[in-house]
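Chemist: Sharing target_5.cif, mmCIF, C-alpha atoms:
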```cif
data_structure
loop_
_atom_site.label_atom_id
_atom_site.label_comp_id
_atom_site.auth_asym_id
_atom_site.auth_seq_id
_atom_site.Cartn_x
_atom_site.Cartn_y
_atom_site.Cartn_z
CA MET A 29 0.00 0.00 0.00
CA LYS A 30 2.81 2.39 0.85
CA LYS A 31 4.42 1.70 -2.50
CA ASP A 32 1.14 2.45 -4.34
CA ARG A 33 0.71 5.71 -2.49
CA LEU A 34 4.28 6.73 -3.27
CA CYS A 35 3.80 6.04 -6.97
CA LEU A 36 0.55 7.99 -7.00
CA LEU A 37 2.26 10.95 -5.34
CA LEU A 38 5.06 10.92 -7.92
CA LEU A 39 2.54 10.87 -10.77
CA ILE A 40 0.71 13.88 -9.33
CA VAL A 41 3.98 15.85 -8.96
CA MET A 42 5.01 15.01 -12.54
CA ALA A 43 1.61 16.06 -13.89
CA PHE A 44 1.80 19.44 -12.20
CA SER A 45 5.37 20.04 -13.47
CA CYS A 46 4.36 19.18 -17.06
CA GLN A 47 1.41 21.57 -16.89
CA SER A 48 3.65 24.38 -15.69
CA LYS A 49 6.11 23.79 -18.54
CA THR A 50 3.41 23.66 -21.18
CA ALA A 51 1.99 26.86 -19.79
CA GLU A 52 5.35 28.59 -20.26
CA VAL A 53 5.81 27.53 -23.93
CA PRO A 54 3.12 29.72 -25.48
CA ASP A 55 4.61 32.76 -23.78
CA GLU A 56 8.03 32.01 -25.32
CA GLU A 57 6.55 31.29 -28.73
CA MET A 58 4.73 34.60 -28.67
CA GLN A 59 8.07 36.43 -28.54
CA GLU A 60 9.06 36.60 -32.23
CA ALA A 61 12.71 37.06 -33.20
CA ILE A 62 13.63 40.60 -34.23
CA THR A 63 16.64 40.90 -36.56
CA PRO A 64 18.84 44.03 -36.55
CA VAL A 65 19.34 45.24 -40.13
CA THR A 66 20.69 48.10 -42.23
CA ILE A 67 18.84 49.44 -45.26
CA THR A 68 19.53 50.95 -48.66
CA THR A 69 17.62 52.44 -51.61
CA ILE A 70 17.79 52.05 -55.38
CA ALA A 71 20.13 54.11 -57.57
CA THR A 72 19.43 55.31 -61.09
CA GLU A 73 22.66 55.63 -63.05
CA PRO A 74 24.42 54.47 -66.23
CA MET A 75 25.79 50.94 -66.18
CA THR A 76 28.32 49.43 -68.55
CA ASP A 77 29.18 45.77 -68.88
CA PHE A 78 32.73 45.33 -70.10
CA ILE A 79 35.64 42.91 -70.10
CA GLU A 80 39.28 43.90 -69.51
CA LEU A 81 41.93 42.51 -71.82
CA ASN A 82 45.71 42.92 -71.98
CA ALA A 83 47.54 44.90 -74.67
CA THR A 84 51.34 44.83 -74.91
CA SER A 85 53.51 47.61 -76.32
CA THR A 86 56.02 46.66 -79.00
CA PHE A 87 57.90 47.82 -82.09
CA LEU A 88 56.66 46.13 -85.24
CA GLN A 89 59.77 46.98 -87.27
CA LYS A 90 63.48 47.02 -86.56
CA ALA A 91 66.24 48.52 -88.69
CA TYR A 92 69.73 47.00 -88.80
CA VAL A 93 72.83 49.18 -89.14
CA LYS A 94 75.47 47.21 -91.09
CA ALA A 95 79.09 47.73 -92.04
CA SER A 96 79.49 48.92 -95.64
CA SER A 97 83.07 47.68 -95.96
CA ASN A 98 85.77 45.68 -94.22
CA GLY A 99 87.59 47.82 -91.70
CA TYR A 100 88.05 49.05 -88.17
CA LEU A 101 85.56 51.06 -86.13
CA THR A 102 87.32 54.23 -85.07
CA SER A 103 84.31 55.91 -83.44
CA VAL A 104 80.97 54.87 -81.95
CA ASN A 105 78.53 57.75 -81.40
CA THR A 106 75.60 55.99 -79.74
CA GLN A 107 74.65 53.51 -77.03
CA VAL A 108 71.85 51.12 -76.10
CA GLY A 109 68.61 52.93 -75.24
CA LYS A 110 69.59 56.19 -76.94
CA MET A 111 67.18 57.90 -79.32
CA VAL A 112 68.66 58.48 -82.78
CA SER A 113 67.31 60.27 -85.82
CA GLY A 114 67.47 59.32 -89.48
CA ALA A 115 70.75 60.17 -91.24
CA GLN A 116 72.56 60.57 -87.91
CA THR A 117 76.15 59.28 -87.98
CA LEU A 118 76.40 56.33 -85.63
CA PHE A 119 79.73 54.73 -86.54
CA VAL A 120 82.94 55.85 -88.21
CA LEU A 121 84.73 53.05 -90.05
CA LYS A 122 88.22 53.13 -91.50
CA THR A 123 88.77 50.61 -94.25
CA LYS A 124 91.39 47.93 -93.95
CA GLU A 125 93.29 49.36 -96.91
CA ALA A 126 93.33 52.85 -95.43
CA GLN A 127 94.51 51.46 -92.12
CA SER A 128 97.51 49.79 -93.78
CA ILE A 129 98.50 51.98 -96.76
CA GLY A 130 96.44 55.16 -96.41
CA ASN A 131 99.28 57.28 -95.02
CA THR A 132 101.68 55.99 -97.66
CA ILE A 133 99.40 57.16 -100.49
CA ASN A 134 99.09 60.60 -98.96
CA LEU A 135 102.90 60.87 -98.70
CA LEU A 136 103.25 60.01 -102.40
CA ASP A 137 100.55 62.46 -103.51
CA SER A 138 99.11 64.84 -100.90
CA SER A 139 96.50 66.14 -103.35
CA PHE A 140 94.85 62.75 -103.47
CA ASN A 141 93.45 63.22 -99.92
CA PHE A 142 92.88 59.52 -99.41
CA SER A 143 91.48 58.76 -95.94
CA GLY A 144 89.41 55.60 -96.29
CA VAL A 145 87.04 56.85 -93.59
CA ILE A 146 83.37 55.89 -93.98
CA ASN A 147 80.51 57.41 -91.95
CA ILE A 148 77.78 54.87 -91.22
CA LYS A 149 74.43 56.54 -90.59
CA ALA A 150 71.07 55.51 -89.16
CA GLY A 151 68.45 54.63 -91.75
CA THR A 152 65.46 55.53 -89.54
CA SER A 153 64.54 57.25 -86.28
CA GLY A 154 64.17 55.14 -83.18
CA TYR A 155 65.82 53.68 -80.10
CA ILE A 156 69.03 51.68 -80.15
CA SER A 157 67.91 48.31 -78.82
CA GLU A 158 71.11 46.35 -79.48
CA MET A 159 74.82 47.09 -79.99
CA ASN A 160 77.05 44.42 -81.51
CA HIS A 161 80.43 46.20 -81.66
CA GLN A 162 82.47 48.89 -79.98
CA SER A 163 85.25 51.22 -81.02
CA GLY A 164 88.38 49.42 -82.25
CA ASP A 165 86.61 46.30 -83.47
CA PHE A 166 87.36 44.90 -86.90
CA VAL A 167 84.16 44.26 -88.87
CA GLN A 168 83.42 42.70 -92.20
CA GLU A 169 81.20 44.06 -94.94
CA GLY A 170 77.50 43.43 -94.22
CA GLU A 171 78.06 42.61 -90.56
CA PRO A 172 75.35 44.03 -88.19
CA LEU A 173 76.63 46.82 -85.97
CA ALA A 174 73.45 47.89 -84.16
CA THR A 175 69.67 47.42 -84.14
CA ILE A 176 67.21 50.33 -84.17
CA SER A 177 63.62 49.92 -83.01
CA ASP A 178 61.67 52.04 -85.50
CA ILE A 179 59.80 54.71 -83.53
CA ASN A 180 57.16 54.99 -86.25
CA SER A 181 56.22 51.33 -85.80
CA PHE A 182 55.48 51.62 -82.07
CA VAL A 183 52.04 50.09 -81.28
CA PHE A 184 50.09 48.16 -78.67
CA ILE A 185 48.96 44.65 -79.62
CA LEU A 186 45.65 43.54 -78.14
CA ASN A 187 45.01 39.81 -77.75
CA LEU A 188 41.28 39.64 -78.50
CA PRO A 189 39.31 36.40 -77.99
CA TYR A 190 37.57 35.78 -81.28
CA GLU A 191 34.12 35.52 -79.69
CA LEU A 192 34.49 39.18 -78.59
CA ARG A 193 35.28 40.38 -82.10
CA PRO A 194 31.71 41.72 -82.75
CA PHE A 195 32.02 44.11 -79.78
CA ILE A 196 35.07 45.86 -81.19
CA LEU A 197 34.64 45.38 -84.93
CA ASN A 198 32.80 48.66 -85.57
CA GLN A 199 34.80 50.76 -83.14
CA LYS A 200 37.53 53.16 -84.20
CA LYS A 201 39.06 54.01 -80.84
CA VAL A 202 39.65 52.40 -77.46
CA ALA A 203 41.16 53.60 -74.19
CA LEU A 204 44.36 52.11 -72.80
CA LEU A 205 44.78 52.11 -69.02
CA LEU A 206 48.49 52.13 -68.18
CA PRO A 207 49.88 50.65 -64.93
CA ASP A 208 50.58 54.17 -63.58
CA GLY A 209 46.87 55.04 -63.86
CA LYS A 210 47.22 57.13 -67.01
CA SER A 211 44.53 56.71 -69.67
CA LEU A 212 45.77 56.79 -73.25
CA PRO A 213 43.56 56.98 -76.36
CA ALA A 214 44.41 54.48 -79.08
CA ILE A 215 43.25 54.05 -82.67
CA ILE A 216 42.33 50.60 -83.93
CA SER A 217 44.67 50.29 -86.89
CA SER A 218 44.21 46.78 -88.22
CA PHE A 219 43.26 43.19 -87.45
CA MET A 220 45.96 40.57 -87.98
CA PRO A 221 44.69 37.96 -90.49
CA VAL A 222 45.51 35.00 -88.25
CA VAL A 223 44.13 33.47 -85.05
CA ASP A 224 46.20 31.60 -82.48
CA SER A 225 45.30 27.94 -82.80
CA VAL A 226 45.49 27.26 -79.04
CA SER A 227 44.01 30.36 -77.38
CA GLN A 228 41.77 31.34 -80.33
CA THR A 229 42.77 34.99 -79.95
CA GLN A 230 43.33 37.51 -82.72
CA ASN A 231 45.93 40.27 -82.52
CA ILE A 232 44.60 43.80 -82.93
CA ILE A 233 47.07 46.61 -83.65
CA LEU A 234 46.44 49.81 -81.67
CA LYS A 235 48.31 52.99 -82.60
CA VAL A 236 49.07 55.72 -80.05
CA ASN A 237 50.56 59.19 -80.37
CA ASP A 238 52.67 58.93 -77.22
CA LYS A 239 55.98 57.37 -78.22
CA ASN A 240 57.71 57.77 -74.84
CA ILE A 241 56.47 54.42 -73.62
CA PRO A 242 58.78 51.43 -73.10
CA SER A 243 58.38 48.22 -75.02
CA ASN A 244 56.70 45.19 -73.43
CA LEU A 245 54.49 47.36 -71.20
CA ILE A 246 51.13 45.70 -70.45
CA ALA A 247 48.08 47.99 -70.52
CA LYS A 248 44.41 47.24 -69.92
CA VAL A 249 41.76 47.64 -72.63
CA ARG A 250 38.07 47.70 -71.74
CA VAL A 251 35.91 46.07 -74.39
CA ILE A 252 32.34 47.29 -73.84
CA LYS A 253 29.71 44.57 -74.24
CA THR A 254 26.60 46.44 -73.08
CA ALA A 255 26.03 50.09 -72.13
CA LYS A 256 22.80 51.34 -70.54
CA THR A 257 21.61 54.70 -69.22
CA ASN A 258 19.22 55.40 -66.33
CA THR A 259 19.52 51.89 -64.96
CA ILE A 260 17.89 50.97 -61.65
CA SER A 261 20.29 49.03 -59.44
CA LEU A 262 20.85 47.81 -55.89
CA PRO A 263 24.01 46.80 -54.02
CA LYS A 264 24.97 43.18 -54.52
CA GLN A 265 24.45 42.45 -50.80
CA SER A 266 20.75 43.25 -51.13
CA ILE A 267 20.11 40.50 -53.72
CA LEU A 268 19.46 37.00 -52.35
CA SER A 269 19.18 33.74 -54.29
CA ASP A 270 18.56 30.03 -53.91
CA GLU A 271 21.21 27.34 -54.07
CA THR A 272 20.93 26.94 -57.85
CA GLN A 273 21.26 30.69 -58.52
CA THR A 274 18.05 30.65 -60.57
CA ASN A 275 15.62 32.53 -58.33
CA PHE A 276 16.43 35.94 -56.90
CA TRP A 277 14.66 38.21 -54.43
CA VAL A 278 15.08 41.22 -52.17
CA MET A 279 13.73 41.97 -48.70
CA LYS A 280 11.68 45.15 -49.00
CA VAL A 281 10.95 47.25 -45.93
CA MET A 282 7.20 47.66 -45.46
CA ASP A 283 7.37 49.67 -42.23
CA ASP A 284 9.91 50.27 -39.52
CA SER A 285 9.51 46.74 -38.13
CA THR A 286 8.56 44.44 -41.05
CA SER A 287 10.19 43.30 -44.30
CA VAL A 288 8.67 41.21 -47.09
CA LYS A 289 10.18 38.98 -49.73
CA VAL A 290 9.92 40.37 -53.29
CA PRO A 291 11.10 38.23 -56.27
CA VAL A 292 13.20 40.19 -58.80
CA THR A 293 14.75 39.71 -62.24
CA LYS A 294 18.33 40.91 -62.35
CA GLY A 295 20.36 42.24 -65.28
CA LEU A 296 23.88 43.67 -65.44
CA GLU A 297 26.30 43.23 -62.55
CA VAL A 298 28.98 45.94 -62.44
CA ASN A 299 31.21 47.23 -59.63
CA GLY A 300 29.27 45.57 -56.84
CA ARG A 301 25.83 46.69 -58.07
CA ILE A 302 23.13 44.65 -59.81
CA GLU A 303 20.57 45.96 -62.28
CA ILE A 304 16.93 45.30 -61.39
CA LEU A 305 14.86 44.60 -64.52
CA SER A 306 11.57 43.86 -62.72
CA PRO A 307 9.44 44.64 -60.81
CA PRO A 308 9.54 48.45 -60.92
CA PHE A 309 10.56 50.16 -57.68
CA SER A 310 10.20 53.71 -56.40
CA PRO A 311 13.16 55.86 -55.29
CA THR A 312 11.54 56.01 -51.84
CA ASP A 313 11.44 52.22 -51.44
CA LYS A 314 13.80 50.77 -48.85
CA PHE A 315 15.55 47.40 -48.92
CA LEU A 316 17.59 45.40 -46.46
CA LEU A 317 21.33 45.72 -47.02
CA THR A 318 22.66 43.60 -44.16
CA GLY A 319 20.91 41.16 -41.85
CA ASN A 320 18.72 39.93 -44.71
CA TYR A 321 20.26 36.47 -45.12
CA GLY A 322 17.91 33.67 -44.10
CA LEU A 323 14.94 35.91 -43.32
CA GLU A 324 11.49 34.60 -44.09
CA ASP A 325 8.65 36.56 -45.66
CA THR A 326 7.14 39.22 -43.34
CA ALA A 327 10.09 38.99 -40.96
CA LYS A 328 10.35 41.28 -37.96
CA ILE A 329 13.29 43.68 -38.16
CA LYS A 330 14.95 46.50 -36.27
CA ILE A 331 16.64 49.19 -38.37
CA ILE A 332 19.94 50.16 -36.77
CA GLN A 333 21.28 52.38 -39.56
CA GLN A 334 19.65 54.43 -42.31
#
```
Mind converting the file's structure to structure tokens?

Modeler:
Amino acid sequence: MKKDRLCLLLLIVMAFSCQSKTAEVPDEEMQEAITPVTITTIATEPMTDFIELNATSTFLQKAYVKASSNGYLTSVNTQVGKMVSGAQTLFVLKTKEAQSIGNTINLLDSSFNFSGVINIKAGTSGYISEMNHQSGDFVQEGEPLATISDINSFVFILNLPYELRPFILNQKKVALLLPDGKSLPAIISSFMPVVDSVSQTQNIILKVNDKNIPSNLIAKVRVIKTAKTNTISLPKQSILSDETQTNFWVMKVMDDSTSVKVPVTKGLEVNGRIEILSPPFSPTDKFLLTGNYGLEDTAKIKIIQQ
């Protein structure tokens, strides 16, 4: 009997404790979670979708200064990296015959004025990119003495993927962005009639007026794919999507304490902003910028920053 009474007492105590717990649950469930958020608004501005490609500076043509006769170089009037002009004397060569018997001929007949000295001049203007001999060297006829990078052949070569050819085909000019931040206008001169078999890129020759640029410098070229004006956009953080990146939505602020889920169709994505194609929004509409991840429709919010 004592055992039965004890069990009955335990059951009564457990029943009362369960009732008190179940009475507390509704109160906790009634307290909805409030998420602190920041908000933003739409912007109406031009948007341009582009791709950046590399263009490398180079000299298309090189001129070779060669010895016109067998002899000794008695003077060298240039050096690597120096700018030279056309018809400028670069080397002075004394022929082998003049070196050996030139003085003898002048002693026999001073009116003959035989010197055997030959001035070798530059054939074009440009930079000396290579020197093969120095003063005192013996050279043979036709031997290269120096190489001149023709300043008039200075260009940038753009490696253009062939699928992007339609975006640049009808353009006449592009802008080159140099590593120092300088923007340089360039004229599209010609398309090379060959495509690289591996990368499927075509070389485009871009001419510039500024010739004081070193060779092998890599510049950026922006190839514009789409350009729009008066485009409605939101920051990228405001746009949410599902796992498959097929459905997109924003959390629109309805009042100071509630946000709703609004499906959207997005367009261009440039510089951290995304174009909103539909539905139409008003400049006064507000959207969640942070704190929006994982929120359900009609979620309770607390705006902590305008």

Chemist: Using the chain letters and numbers from the file, which residues does the PyMOL selection byres ((chain A and resi 285) around 8) grab, as a PyMOL selection string?

Modeler: chain A and resi 281-284+286-287+328-331

Chemist: Going by the chain IDs and residue numbers used in this file, which residues fall under the PyMOL selection byres ((chain A and resi 118) around 12)? Write them as a PDB file with C-alpha atoms, in the frame of the given file.

Modeler:
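Writing done, so here's out_38.pdb:
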```pdb
ATOM      1  CA  TYR A  92      69.730  47.000 -88.800  1.00  0.00           C
ATOM      2  CA  VAL A  93      72.830  49.180 -89.140  1.00  0.00           C
ATOM      3  CA  LYS A  94      75.470  47.210 -91.090  1.00  0.00           C
ATOM      4  CA  ALA A  95      79.090  47.730 -92.040  1.00  0.00           C
ATOM      5  CA  LEU A 101      85.560  51.060 -86.130  1.00  0.00           C
ATOM      6  CA  THR A 102      87.320  54.230 -85.070  1.00  0.00           C
ATOM      7  CA  SER A 103      84.310  55.910 -83.440  1.00  0.00           C
ATOM      8  CA  VAL A 104      80.970  54.870 -81.950  1.00  0.00           C
ATOM      9  CA  ASN A 105      78.530  57.750 -81.400  1.00  0.00           C
ATOM     10  CA  THR A 106      75.600  55.990 -79.740  1.00  0.00           C
ATOM     11  CA  GLN A 107      74.650  53.510 -77.030  1.00  0.00           C
ATOM     12  CA  VAL A 108      71.850  51.120 -76.100  1.00  0.00           C
ATOM     13  CA  LYS A 110      69.590  56.190 -76.940  1.00  0.00           C
ATOM     14  CA  MET A 111      67.180  57.900 -79.320  1.00  0.00           C
ATOM     15  CA  VAL A 112      68.660  58.480 -82.780  1.00  0.00           C
ATOM     16  CA  SER A 113      67.310  60.270 -85.820  1.00  0.00           C
ATOM     17  CA  GLY A 114      67.470  59.320 -89.480  1.00  0.00           C
ATOM     18  CA  ALA A 115      70.750  60.170 -91.240  1.00  0.00           C
ATOM     19  CA  GLN A 116      72.560  60.570 -87.910  1.00  0.00           C
ATOM     20  CA  THR A 117      76.150  59.280 -87.980  1.00  0.00           C
ATOM     21  CA  PHE A 119      79.730  54.730 -86.540  1.00  0.00           C
ATOM     22  CA  VAL A 120      82.940  55.850 -88.210  1.00  0.00           C
ATOM     23  CA  LEU A 121      84.730  53.050 -90.050  1.00  0.00           C
ATOM     24  CA  ILE A 146      83.370  55.890 -93.980  1.00  0.00           C
ATOM     25  CA  ASN A 147      80.510  57.410 -91.950  1.00  0.00           C
ATOM     26  CA  ILE A 148      77.780  54.870 -91.220  1.00  0.00           C
ATOM     27  CA  LYS A 149      74.430  56.540 -90.590  1.00  0.00           C
ATOM     28  CA  ALA A 150      71.070  55.510 -89.160  1.00  0.00           C
ATOM     29  CA  GLY A 151      68.450  54.630 -91.750  1.00  0.00           C
ATOM     30  CA  THR A 152      65.460  55.530 -89.540  1.00  0.00           C
ATOM     31  CA  SER A 153      64.540  57.250 -86.280  1.00  0.00           C
ATOM     32  CA  ILE A 156      69.030  51.680 -80.150  1.00  0.00           C
ATOM     33  CA  MET A 159      74.820  47.090 -79.990  1.00  0.00           C
ATOM     34  CA  HIS A 161      80.430  46.200 -81.660  1.00  0.00           C
ATOM     35  CA  GLN A 162      82.470  48.890 -79.980  1.00  0.00           C
ATOM     36  CA  SER A 163      85.250  51.220 -81.020  1.00  0.00           C
ATOM     37  CA  LEU A 173      76.630  46.820 -85.970  1.00  0.00           C
ATOM     38  CA  ALA A 174      73.450  47.890 -84.160  1.00  0.00           C
ATOM     39  CA  THR A 175      69.670  47.420 -84.140  1.00  0.00           C
ATOM     40  CA  ILE A 176      67.210  50.330 -84.170  1.00  0.00           C
TER      41      ILE A 176
END
```

Chemist: Using only C-alpha atoms, collect all residues at a distance of at most 8 Å from (7.7, 38.6, -44.3) as written in the file, then present them as a VMD selection string.

Modeler: chain A and resid 286 to 289 323 to 328

Chemist: Print the selection's residues with C-alpha atoms to a file, as a PDB file, keeping the file's coordinate frame.

Modeler:
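Output (selection-v6.pdb):
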```
ATOM      1  CA  THR A 286       8.560  44.440 -41.050  1.00  0.00           C
ATOM      2  CA  SER A 287      10.190  43.300 -44.300  1.00  0.00           C
ATOM      3  CA  VAL A 288       8.670  41.210 -47.090  1.00  0.00           C
ATOM      4  CA  LYS A 289      10.180  38.980 -49.730  1.00  0.00           C
ATOM      5  CA  LEU A 323      14.940  35.910 -43.320  1.00  0.00           C
ATOM      6  CA  GLU A 324      11.490  34.600 -44.090  1.00  0.00           C
ATOM      7  CA  ASP A 325       8.650  36.560 -45.660  1.00  0.00           C
ATOM      8  CA  THR A 326       7.140  39.220 -43.340  1.00  0.00           C
ATOM      9  CA  ALA A 327      10.090  38.990 -40.960  1.00  0.00           C
ATOM     10  CA  LYS A 328      10.350  41.280 -37.960  1.00  0.00           C
TER      11      LYS A 328
END
```

Chemist: Written as an mmCIF file with C-alpha atoms, keeping the file's coordinate frame, which residues does the PyMOL selection byres ((chain A and resi 74) around 8) give for the file shown?

Modeler:
```cif
data_model
loop_
_atom_site.group_PDB
_atom_site.id
_atom_site.type_symbol
_atom_site.label_atom_id
_atom_site.label_comp_id
_atom_site.auth_asym_id
_atom_site.auth_seq_id
_atom_site.Cartn_x
_atom_site.Cartn_y
_atom_site.Cartn_z
ATOM 1 C CA THR A 72 19.430 55.310 -61.090
ATOM 2 C CA GLU A 73 22.660 55.630 -63.050
ATOM 3 C CA MET A 75 25.790 50.940 -66.180
ATOM 4 C CA THR A 76 28.320 49.430 -68.550
ATOM 5 C CA ALA A 255 26.030 50.090 -72.130
ATOM 6 C CA LYS A 256 22.800 51.340 -70.540
ATOM 7 C CA THR A 257 21.610 54.700 -69.220
ATOM 8 C CA ASN A 258 19.220 55.400 -66.330
ATOM 9 C CA THR A 259 19.520 51.890 -64.960
#
```

Chemist: Name all residues at most 8 Å from range 225-236 of chain A (count all atoms listed in the file; drop same-chain ones fewer than 4 positions away) and give them as JSON, numbers by chain.

Modeler: {"A": [182, 183, 184, 185, 186, 187, 188, 189, 190, 212, 213, 214, 215, 216, 217, 218, 219, 220, 221]}

Chemist: For CA of Asn198 in chain A and CA of Asn180 in chain A, quote the distance in Å rounded to one decimal.

Modeler: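 Between CA of Asn198 in chain A and CA of Asn180 in chain A the gap works out to 25.2 Å.
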
Chemist: List every residue of range 171-262 of chain A that has an atom at most 9 Å from any atom of range 291-302 of chain A, giving for each one its closest atom pair and the distance in Å to one decimal, counting all atoms listed in the file, sorted by chain and then by ascending residue number, as JSON lines.

Modeler:
```
{"residue": "A:Thr254", "atom": "CA", "partner": "A:Leu296", "partner_atom": "CA", "distance": 8.6}
{"residue": "A:Ile260", "atom": "CA", "partner": "A:Ile302", "partner_atom": "CA", "distance": 8.4}
{"residue": "A:Ser261", "atom": "CA", "partner": "A:Ile302", "partner_atom": "CA", "distance": 5.2}
{"residue": "A:Leu262", "atom": "CA", "partner": "A:Ile302", "partner_atom": "CA", "distance": 5.5}
```

Chemist: So that each row is one residue of range 69-128 of chain A with an atom at most 12 Å from range 312-317 of chain A, can you give its shortest atom pair and the distance in Å to one decimal, using only C-alpha atoms, rows by chain and rising number, as a tab-separated table?

Modeler:
```
residue	atom	partner	partner_atom	distance
A:Thr69	CA	A:Lys314	CA	5.0
A:Ile70	CA	A:Asp313	CA	7.5
A:Ala71	CA	A:Thr312	CA	10.5
```

Chemist: How many Å lie between CA of Asn82 in chain A and CA of Val222 in chain A, rounded to one decimal?

Modeler: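 One can read the CA of Asn82 in chain A to CA of Val222 in chain A distance as 18.1 Å.
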
Chemist: Reconstruct all heavy atoms of range 112-118 of chain A; output as a PDB file, in the frame of the given file.

Modeler:
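The resulting file, out.pdb, is shown below:
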```pdb
ATOM      1  N   VAL A 112      67.895  57.971 -81.634  1.00  0.00           N
ATOM      2  CA  VAL A 112      68.660  58.480 -82.780  1.00  0.00           C
ATOM      3  C   VAL A 112      67.692  58.895 -83.866  1.00  0.00           C
ATOM      4  O   VAL A 112      66.552  58.422 -83.927  1.00  0.00           O
ATOM      5  CB  VAL A 112      69.649  57.420 -83.314  1.00  0.00           C
ATOM      6  CG1 VAL A 112      70.683  57.053 -82.257  1.00  0.00           C
ATOM      7  CG2 VAL A 112      68.907  56.173 -83.779  1.00  0.00           C
ATOM      8  N   SER A 113      68.143  59.801 -84.719  1.00  0.00           N
ATOM      9  CA  SER A 113      67.310  60.270 -85.820  1.00  0.00           C
ATOM     10  C   SER A 113      67.862  59.746 -87.142  1.00  0.00           C
ATOM     11  O   SER A 113      69.030  59.320 -87.226  1.00  0.00           O
ATOM     12  CB  SER A 113      67.280  61.800 -85.850  1.00  0.00           C
ATOM     13  OG  SER A 113      68.591  62.325 -85.971  1.00  0.00           O
ATOM     14  N   GLY A 114      67.029  59.778 -88.170  1.00  0.00           N
ATOM     15  CA  GLY A 114      67.470  59.320 -89.480  1.00  0.00           C
ATOM     16  C   GLY A 114      68.611  60.166 -90.012  1.00  0.00           C
ATOM     17  O   GLY A 114      68.644  61.384 -89.812  1.00  0.00           O
ATOM     18  N   ALA A 115      69.569  59.520 -90.658  1.00  0.00           N
ATOM     19  CA  ALA A 115      70.750  60.170 -91.240  1.00  0.00           C
ATOM     20  C   ALA A 115      71.758  60.623 -90.188  1.00  0.00           C
ATOM     21  O   ALA A 115      72.736  61.301 -90.534  1.00  0.00           O
ATOM     22  CB  ALA A 115      70.356  61.339 -92.138  1.00  0.00           C
ATOM     23  N   GLN A 116      71.571  60.237 -88.941  1.00  0.00           N
ATOM     24  CA  GLN A 116      72.560  60.570 -87.910  1.00  0.00           C
ATOM     25  C   GLN A 116      73.723  59.587 -87.986  1.00  0.00           C
ATOM     26  O   GLN A 116      73.542  58.384 -88.132  1.00  0.00           O
ATOM     27  CB  GLN A 116      71.910  60.508 -86.524  1.00  0.00           C
ATOM     28  CG  GLN A 116      72.871  60.773 -85.372  1.00  0.00           C
ATOM     29  CD  GLN A 116      72.187  60.691 -84.025  1.00  0.00           C
ATOM     30  OE1 GLN A 116      70.960  60.825 -83.925  1.00  0.00           O
ATOM     31  NE2 GLN A 116      72.953  60.466 -82.971  1.00  0.00           N
ATOM     32  N   THR A 117      74.956  60.119 -87.911  1.00  0.00           N
ATOM     33  CA  THR A 117      76.150  59.280 -87.980  1.00  0.00           C
ATOM     34  C   THR A 117      76.304  58.507 -86.680  1.00  0.00           C
ATOM     35  O   THR A 117      76.424  59.090 -85.599  1.00  0.00           O
ATOM     36  CB  THR A 117      77.402  60.124 -88.226  1.00  0.00           C
ATOM     37  OG1 THR A 117      77.263  60.816 -89.476  1.00  0.00           O
ATOM     38  CG2 THR A 117      78.643  59.251 -88.272  1.00  0.00           C
ATOM     39  N   LEU A 118      76.302  57.184 -86.799  1.00  0.00           N
ATOM     40  CA  LEU A 118      76.400  56.330 -85.630  1.00  0.00           C
ATOM     41  C   LEU A 118      77.796  55.730 -85.459  1.00  0.00           C
ATOM     42  O   LEU A 118      78.288  55.609 -84.336  1.00  0.00           O
ATOM     43  CB  LEU A 118      75.370  55.197 -85.718  1.00  0.00           C
ATOM     44  CG  LEU A 118      73.905  55.608 -85.869  1.00  0.00           C
ATOM     45  CD1 LEU A 118      73.021  54.371 -85.909  1.00  0.00           C
ATOM     46  CD2 LEU A 118      73.477  56.538 -84.761  1.00  0.00           C
TER      47      LEU A 118
END
```
